[in-house]
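Next comes entry05.pdb, with PDB, C-alpha atoms and all ligand atoms.
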MODEL        1
ATOM      1  CA  MET A 112      22.574  -7.442  20.386
ATOM      2  CA  LYS A 113      20.256  -8.288  23.257
ATOM      3  CA  SER A 114      20.946 -11.020  25.771
ATOM      4  CA  ILE A 115      18.829 -14.180  25.975
ATOM      5  CA  ALA A 116      17.323 -12.910  29.241
ATOM      6  CA  GLU A 117      16.322  -9.613  27.614
ATOM      7  CA  LEU A 118      14.794 -11.419  24.663
ATOM      8  CA  GLU A 119      12.893 -13.736  27.005
ATOM      9  CA  GLU A 120      11.554 -10.729  28.899
ATOM     10  CA  ILE A 121      10.402  -9.115  25.624
ATOM     11  CA  ARG A 122       8.750 -12.381  24.605
ATOM     12  CA  LYS A 123       6.910 -12.595  27.921
ATOM     13  CA  LYS A 124       5.709  -8.996  27.749
ATOM     14  CA  THR A 125       4.583  -9.404  24.151
ATOM     15  CA  LEU A 126       2.611 -12.534  24.935
ATOM     16  CA  GLU A 127       0.916 -10.778  27.842
ATOM     17  CA  LYS A 128       0.149  -7.789  25.659
ATOM     18  CA  ILE A 129      -1.525  -9.793  22.945
ATOM     19  CA  SER A 130      -3.426 -11.711  25.618
ATOM     20  CA  LEU A 131      -2.554 -15.042  24.190
ATOM     21  CA  ARG A 132      -5.027 -17.056  26.144
ATOM     22  CA  THR A 133      -6.190 -20.515  25.419
ATOM     23  CA  ASN A 134      -9.789 -21.297  26.076
ATOM     24  CA  ALA A 135     -11.564 -24.177  24.458
ATOM     25  CA  ASP A 136     -15.101 -22.806  24.575
ATOM     26  CA  GLY A 137     -14.504 -19.213  23.549
ATOM     27  CA  ILE A 138     -14.138 -17.302  20.300
ATOM     28  CA  ARG A 139     -10.712 -17.264  18.700
ATOM     29  CA  VAL A 140      -9.372 -14.369  16.648
ATOM     30  CA  VAL A 141      -6.379 -15.383  14.550
ATOM     31  CA  VAL A 142      -4.365 -12.701  12.773
ATOM     32  CA  GLY A 143      -2.124 -13.602   9.834
ATOM     33  CA  MET A 144       1.337 -12.301  10.647
ATOM     34  CA  ALA A 145       3.446 -13.498   7.736
ATOM     35  CA  THR A 146       5.713 -10.818   6.322
ATOM     36  CA  CYS A 147       3.076  -9.906   3.760
ATOM     37  CA  GLY A 148       0.508  -9.469   6.530
ATOM     38  CA  ILE A 149       2.816  -7.317   8.599
ATOM     39  CA  ALA A 150       3.712  -5.250   5.539
ATOM     40  CA  ALA A 151       0.007  -4.712   4.856
ATOM     41  CA  GLY A 152      -0.646  -3.522   8.423
ATOM     42  CA  ALA A 153      -1.442  -6.636  10.475
ATOM     43  CA  ARG A 154       0.160  -5.237  13.630
ATOM     44  CA  PRO A 155      -2.252  -2.291  14.129
ATOM     45  CA  VAL A 156      -5.105  -4.667  13.278
ATOM     46  CA  MET A 157      -4.001  -7.093  15.971
ATOM     47  CA  ASN A 158      -3.533  -4.271  18.467
ATOM     48  CA  ALA A 159      -7.021  -2.981  17.698
ATOM     49  CA  PHE A 160      -8.525  -6.420  18.361
ATOM     50  CA  VAL A 161      -6.660  -6.732  21.666
ATOM     51  CA  GLU A 162      -7.628  -3.208  22.739
ATOM     52  CA  GLU A 163     -11.313  -3.574  21.873
ATOM     53  CA  ILE A 164     -11.520  -7.014  23.498
ATOM     54  CA  ASN A 165      -9.798  -5.804  26.664
ATOM     55  CA  LYS A 166     -11.861  -2.611  26.767
ATOM     56  CA  ARG A 167     -15.030  -4.669  26.754
ATOM     57  CA  SER A 168     -13.620  -7.291  29.148
ATOM     58  CA  LEU A 169     -14.474 -10.119  26.765
ATOM     59  CA  ASN A 170     -12.852 -12.917  28.704
ATOM     60  CA  ASN A 171     -14.008 -15.692  26.394
ATOM     61  CA  VAL A 172     -12.166 -14.289  23.383
ATOM     62  CA  SER A 173      -8.554 -15.096  22.609
ATOM     63  CA  VAL A 174      -6.326 -13.354  20.104
ATOM     64  CA  SER A 175      -3.408 -15.149  18.536
ATOM     65  CA  MET A 176      -1.272 -14.920  15.463
ATOM     66  CA  THR A 177      -0.453 -17.287  12.702
ATOM     67  CA  GLY A 178       1.871 -17.251   9.726
ATOM     68  CA  CYS A 179       0.915 -17.437   6.101
ATOM     69  CA  ILE A 180      -2.802 -17.801   5.402
ATOM     70  CA  GLY A 181      -2.188 -17.943   1.665
ATOM     71  CA  VAL A 182      -3.726 -14.817   0.191
ATOM     72  CA  CYS A 183      -1.081 -12.078   0.171
ATOM     73  CA  LYS A 184      -3.147  -9.707  -1.931
ATOM     74  CA  LEU A 185      -5.970  -9.733   0.608
ATOM     75  CA  GLU A 186      -3.840  -9.098   3.699
ATOM     76  CA  PRO A 187      -4.244  -8.261   6.523
ATOM     77  CA  VAL A 188      -6.326 -11.412   6.927
ATOM     78  CA  VAL A 189      -8.098 -12.287  10.176
ATOM     79  CA  GLU A 190     -10.015 -15.425  11.023
ATOM     80  CA  VAL A 191     -12.717 -15.445  13.659
ATOM     81  CA  ILE A 192     -13.527 -18.943  14.866
ATOM     82  CA  ASP A 193     -16.560 -19.449  17.070
ATOM     83  CA  LYS A 194     -16.882 -22.018  19.814
ATOM     84  CA  ASP A 195     -18.397 -24.526  17.361
ATOM     85  CA  GLY A 196     -15.426 -24.205  15.025
ATOM     86  CA  ASN A 197     -17.195 -22.093  12.390
ATOM     87  CA  LYS A 198     -14.657 -19.877  10.702
ATOM     88  CA  THR A 199     -15.192 -16.422   9.195
ATOM     89  CA  THR A 200     -12.320 -15.013   7.163
ATOM     90  CA  TYR A 201     -12.021 -11.231   7.102
ATOM     91  CA  VAL A 202      -9.734  -9.620   4.538
ATOM     92  CA  LYS A 203      -8.086  -6.269   3.880
ATOM     93  CA  MET A 204      -8.500  -5.444   7.535
ATOM     94  CA  THR A 205      -7.751  -2.148   9.233
ATOM     95  CA  ALA A 206      -7.833  -1.121  12.889
ATOM     96  CA  GLU A 207     -11.246   0.513  12.296
ATOM     97  CA  LYS A 208     -12.648  -2.637  10.708
ATOM     98  CA  ALA A 209     -11.239  -4.691  13.586
ATOM     99  CA  ALA A 210     -13.142  -2.572  16.107
ATOM    100  CA  ARG A 211     -16.299  -3.057  14.045
ATOM    101  CA  VAL A 212     -15.841  -6.841  13.927
ATOM    102  CA  VAL A 213     -15.484  -6.934  17.716
ATOM    103  CA  VAL A 214     -18.739  -5.031  18.239
ATOM    104  CA  GLU A 215     -20.871  -6.505  15.458
ATOM    105  CA  HIS A 216     -19.581 -10.062  15.156
ATOM    106  CA  ILE A 217     -18.006 -10.980  18.476
ATOM    107  CA  VAL A 218     -20.359  -9.092  20.795
ATOM    108  CA  ASN A 219     -23.594  -9.120  18.781
ATOM    109  CA  GLY A 220     -23.113 -12.275  16.710
ATOM    110  CA  GLN A 221     -23.616 -10.525  13.366
ATOM    111  CA  VAL A 222     -20.937 -11.424  10.819
ATOM    112  CA  CYS A 223     -19.708  -8.335   8.917
ATOM    113  CA  LEU A 224     -20.429  -9.900   5.544
ATOM    114  CA  ASP A 225     -19.069  -6.977   3.532
ATOM    115  CA  LEU A 226     -15.610  -7.498   5.051
ATOM    116  CA  THR A 227     -15.370 -11.239   4.410
ATOM    117  CA  ILE A 228     -13.317 -13.026   1.784
ATOM    118  CA  GLY A 229     -16.564 -14.129   0.106
ATOM    119  CA  ALA A 230     -17.663 -10.527  -0.467
ATOM    120  CA  VAL A 231     -14.282  -9.429  -1.855
ATOM    121  CA  GLU A 232     -13.853 -12.339  -4.240
ATOM    122  CA  LYS A 233     -17.219 -11.963  -5.960
TER
HETATM  123  S1  LIG B 301       3.242 -15.084   2.072
HETATM  124 FE1  LIG B 301       1.523 -13.821   1.932
HETATM  125  S2  LIG B 301      -0.104 -15.031   2.499
HETATM  126 FE2  LIG B 301       1.595 -16.358   2.548
ENDMDL
END
Could you render the structure as structure tokens?
Ligand code: FES
Amino acid sequence: MKSIAELEEIRKKTLEKISLRTNADGIRVVVGMATCGIAAGARPVMNAFVEEINKRSLNNVSVSMTGCIGVCKLEPVVEVIDKDGNKTTYVKMTAEKAARVVVEHIVNGQVCLDLTIGAVEK
């Protein structure tokens, strides 16, 4: 069993690692981290987003996690919310797809339509 101080230290390090920043006018990436998401591979997806965003020094992009998004069978689910509040929901994500979303959607403004919930549910 770890002490409270150790747990607090782990919490701090984890928050730094996932660059949990709050910025009102940037793009937000929200990764579903309910147990179903984690079981489906949400952690590597989140890590891939953080790595790609840090690699490209995208300071106006924040990555955070949320709980249940409501579609277990489509996990890992990621929402990308632009500065105007428009939300794109990506499903069945992988680390490779995450890297693609960073380049195509976040950097170049082109939504990866084939990875969205709309494309999968047709
Ligand atoms: S428990 Fe899986 S999406 Fe809510």
CA of Val189 (chain A) to CA of Gly143 (chain A), straight-line distance in Å: 6.1 Å
Which centre and which edge lengths, in Å to one decimal, describe the axis-aligned box that holds all listed atoms of ligand LIG 301 (chain B) after 8 Å is added on each side, as AutoDock Vina command-line options?
--center_x 1.6 --center_y -15.1 --center_z 2.2 --size_x 19.3 --size_y 18.5 --size_z 16.6
Straight-line distance linking CA of Ile138 (chain A) with CA of Asn171 (chain A), stated in Å to one decimal: 6.3 Å
Test item: residues at most 12 Å from Lys198 (chain A), all atoms listed in the file, excluding those fewer than 5 positions along its chain, as a PyMOL selection string: chain A and resi 138-141+189-193+216+222+227-228
Would you export the selected residues with C-alpha atoms as a PDB file, keeping the file's coordinate frame, please?
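Final output, again_38.pdb:
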ATOM      1  CA  ILE A 138     -14.138 -17.302  20.300  1.00  0.00           C
ATOM      2  CA  ARG A 139     -10.712 -17.264  18.700  1.00  0.00           C
ATOM      3  CA  VAL A 140      -9.372 -14.369  16.648  1.00  0.00           C
ATOM      4  CA  VAL A 141      -6.379 -15.383  14.550  1.00  0.00           C
ATOM      5  CA  VAL A 189      -8.098 -12.287  10.176  1.00  0.00           C
ATOM      6  CA  GLU A 190     -10.015 -15.425  11.023  1.00  0.00           C
ATOM      7  CA  VAL A 191     -12.717 -15.445  13.659  1.00  0.00           C
ATOM      8  CA  ILE A 192     -13.527 -18.943  14.866  1.00  0.00           C
ATOM      9  CA  ASP A 193     -16.560 -19.449  17.070  1.00  0.00           C
ATOM     10  CA  HIS A 216     -19.581 -10.062  15.156  1.00  0.00           C
ATOM     11  CA  VAL A 222     -20.937 -11.424  10.819  1.00  0.00           C
ATOM     12  CA  THR A 227     -15.370 -11.239   4.410  1.00  0.00           C
ATOM     13  CA  ILE A 228     -13.317 -13.026   1.784  1.00  0.00           C
TER      14      ILE A 228
END
Residues matched by the PyMOL selection byres (((not hetatm)) within 10 of (chain B and resi 301)), written as a PyMOL selection string: chain A and resi 143-151+178-188
Point-to-point distance from CA of Lys124 (chain A) to CA of Val214 (chain A), Å rounded to tenths: 26.5 Å
Resolved residues for the PyMOL selection byres (((chain A and resi 154-168) around 7) and not hetatm) as a PyMOL selection string: chain A and resi 129+142+149+152-153+169-170+174+204-206+209-210+213
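Distances to Val218 (chain A) were evaluated for A:Met112, A:Val172, A:Ala230, A:Leu118 using only C-alpha atoms, and the minimum falls at A:Val172.
If you measure from each of A:Ile115, A:Ser175, A:Gly137, A:Lys203 to Glu232 (chain A) using all atoms listed in the file, the closest one turns out to be A:Lys203.
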